Amino acid sequence: MERRGGKAIRRWGTAVIASAAAVAVAAPATAAQAAGAASGPTGVSAKGAYLLDNSANKQLWAKAADTKRPMASTTKLMTAVVVLDSRGLDLGKKVTVKQSYIDYTARVGGSKADLKKGDKLTVKQLLYGLLLPSGCDAAMALADTFGTGDTTAKRTKSFIAQMNKKASALGMTKSHYDTFDGISQGGQNYTTPRDMTKLARHALRNSTLGTVVKSVDTIQKAPAANGRTRTYYWNNTNRLLGSYSGAIGIKTGTGTAPGRCLVFAAKRDGRTVVGVILNAPKRYPDAKKMLDWAFRANTEVTWRQLPKGTPED
């Protein structure tokens, strides 16, 4: 969702609904897996990773857990948390899409929910647009709505300050945000695998966020500027969903400096495992290895394909 080789890469959010989800079957762990349980998963390509037993709040395995790295669009998980933790939150509040949201997303070459000027979407709908197609336009709409100040620039700046305040409150001591969507202008948007896991653990306590991030796709209808109803079709960029048995989210991110990132979670037999991957050439195979190791399983996976023409974030 950022820039590659100096060239802006646009990531389109509106697409047809994904077809039937791929089949994923859990199989018993092999003897080799059981023997390797003490050391952790092998062959993980990510430069930084962390695995947490969410139920027990216990570290299971880590790799460069406290090394600061850029996080790309996984930033948007904090954007969602700040919104959802807002006092007196009204998920049904209508937000009118401004041309500035559209212009900004085009200027930075960001992934988008393809919002249209004048449409009125609820806060909850914007959260879907933020977290499924990774819409930078939806991120700006939320930051503008929940920030304070008399201009969009001041409101978005104050929203980013709220993101940093929330990070501090969650004990994310090695994280910093300089953007509401992951497209950093100053290079000061970073986290660590351990810190991001703290955010993910907090986020999953919110039932609304849990419902949104586990959705493979969604259809949302909103009043359009012309008085008619516009229908938005959004697919989740997280290919673990519909592929890995028990997957329940959470957020993808891709950029030139950050590489491929993934904050993920899966639940089996009442046990939830949360993982973070930063800068991983093979993030989905990495996530599978980490989850299989945690669950002592050997999961057969056919990866869900995104609809044709939908770039991955």
# chains A, B, ... in the order shown; residues from 1 in each chain; ligands from 1
$ closest_atom_pairs --of "segment 80-156 of chain A" --to "segment 211-214 of chain A" --cutoff "10 Å" --atoms "only C-alpha atoms" --output "tab-separated table"
residue	atom	partner	partner_atom	distance
A:Lys124	CA	A:Val212	CA	8.9
A:Gln125	CA	A:Val212	CA	9.5
A:Leu127	CA	A:Val212	CA	7.5
A:Tyr128	CA	A:Val212	CA	6.1
A:Gly129	CA	A:Val212	CA	9.7
A:Leu130	CA	A:Val212	CA	9.8
A:Leu131	CA	A:Val213	CA	6.6
A:Leu132	CA	A:Val213	CA	7.0
$ write_last_selection --atoms "N, CA and C atoms" --output "PDB file, in the first residue's frame"
ATOM      1  N   LYS A 124     -19.017   2.610  11.636  1.00  0.00           N
ATOM      2  CA  LYS A 124     -18.794   1.162  11.536  1.00  0.00           C
ATOM      3  C   LYS A 124     -18.466   0.756  10.103  1.00  0.00           C
ATOM      4  N   GLN A 125     -19.153   1.334   9.130  1.00  0.00           N
ATOM      5  CA  GLN A 125     -18.857   1.034   7.737  1.00  0.00           C
ATOM      6  C   GLN A 125     -17.443   1.469   7.370  1.00  0.00           C
ATOM      7  N   LEU A 127     -14.962   1.526   9.354  1.00  0.00           N
ATOM      8  CA  LEU A 127     -14.040   0.557   9.948  1.00  0.00           C
ATOM      9  C   LEU A 127     -13.866  -0.654   9.030  1.00  0.00           C
ATOM     10  N   TYR A 128     -14.939  -1.073   8.381  1.00  0.00           N
ATOM     11  CA  TYR A 128     -14.828  -2.142   7.381  1.00  0.00           C
ATOM     12  C   TYR A 128     -13.944  -1.684   6.225  1.00  0.00           C
ATOM     13  N   GLY A 129     -14.164  -0.449   5.756  1.00  0.00           N
ATOM     14  CA  GLY A 129     -13.359   0.083   4.660  1.00  0.00           C
ATOM     15  C   GLY A 129     -11.900   0.254   5.035  1.00  0.00           C
ATOM     16  N   LEU A 130     -11.657   0.497   6.306  1.00  0.00           N
ATOM     17  CA  LEU A 130     -10.295   0.647   6.823  1.00  0.00           C
ATOM     18  C   LEU A 130      -9.571  -0.682   6.908  1.00  0.00           C
ATOM     19  N   LEU A 131     -10.251  -1.699   7.431  1.00  0.00           N
ATOM     20  CA  LEU A 131      -9.579  -2.946   7.815  1.00  0.00           C
ATOM     21  C   LEU A 131      -9.666  -4.065   6.793  1.00  0.00           C
ATOM     22  N   LEU A 132     -10.629  -4.038   5.877  1.00  0.00           N
ATOM     23  CA  LEU A 132     -10.704  -5.106   4.866  1.00  0.00           C
ATOM     24  C   LEU A 132      -9.889  -4.762   3.617  1.00  0.00           C
TER      25      LEU A 132
END
$ residues_around --residues "segment 104-108 of chain A" --least-positions-apart "4" --cutoff "7 Å" --atoms "only C-alpha atoms" --output "count of residues only"
5
$ atom_distance --atom1 "atom CA of Cys261 of chain A" --atom2 "atom CA of Asn298 of chain A"
23.0 Å
$ residues_around --residues "Phe146 of chain A" --least-positions-apart "4" --cutoff "9 Å" --atoms "only C-alpha atoms" --output "list in words"
Val82, Val83, Ser86, Ala141, Leu142, Arg155, Thr156, Ser158 and Phe159 of chain A
$ write_last_selection --atoms "C-alpha atoms" --output "PDB file, in the first residue's frame"
ATOM      1  CA  VAL A  82      -8.385   4.754  18.868  1.00  0.00           C
ATOM      2  CA  VAL A  83     -11.803   5.109  17.233  1.00  0.00           C
ATOM      3  CA  SER A  86     -13.359   6.840  21.993  1.00  0.00           C
ATOM      4  CA  ALA A 141     -12.130   9.972   7.137  1.00  0.00           C
ATOM      5  CA  LEU A 142     -11.908   8.452  10.618  1.00  0.00           C
ATOM      6  CA  ARG A 155      -7.715  17.145  13.221  1.00  0.00           C
ATOM      7  CA  THR A 156      -5.635  14.413  11.597  1.00  0.00           C
ATOM      8  CA  SER A 158      -4.379  15.459  16.777  1.00  0.00           C
ATOM      9  CA  PHE A 159      -5.658  11.989  15.908  1.00  0.00           C
TER      10      PHE A 159
END
$ residues_around --residues "Asp144 of chain A" --least-positions-apart "6" --cutoff "10 Å" --atoms "only C-alpha atoms" --output "number ranges by chain"
A: 95, 98, 101, 138, 151-159, 180
$ closest_atom_pairs --of "segment 272-295 of chain A" --to "segment 41-48 of chain A" --cutoff "7 Å" --atoms "only C-alpha atoms" --output "JSON lines"
{"residue": "A:Ile277", "atom": "CA", "partner": "A:Gly48", "partner_atom": "CA", "distance": 5.9}
{"residue": "A:Leu278", "atom": "CA", "partner": "A:Gly48", "partner_atom": "CA", "distance": 5.1}
{"residue": "A:Asn279", "atom": "CA", "partner": "A:Ala46", "partner_atom": "CA", "distance": 5.4}
{"residue": "A:Ala280", "atom": "CA", "partner": "A:Ala46", "partner_atom": "CA", "distance": 3.8}
{"residue": "A:Pro281", "atom": "CA", "partner": "A:Ser45", "partner_atom": "CA", "distance": 6.2}
{"residue": "A:Lys282", "atom": "CA", "partner": "A:Ser45", "partner_atom": "CA", "distance": 6.1}
{"residue": "A:Arg283", "atom": "CA", "partner": "A:Ala46", "partner_atom": "CA", "distance": 6.9}
{"residue": "A:Asp286", "atom": "CA", "partner": "A:Val44", "partner_atom": "CA", "distance": 5.1}
{"residue": "A:Lys289", "atom": "CA", "partner": "A:Pro41", "partner_atom": "CA", "distance": 6.1}
{"residue": "A:Met290", "atom": "CA", "partner": "A:Pro41", "partner_atom": "CA", "distance": 5.7}
{"residue": "A:Trp293", "atom": "CA", "partner": "A:Pro41", "partner_atom": "CA", "distance": 5.7}
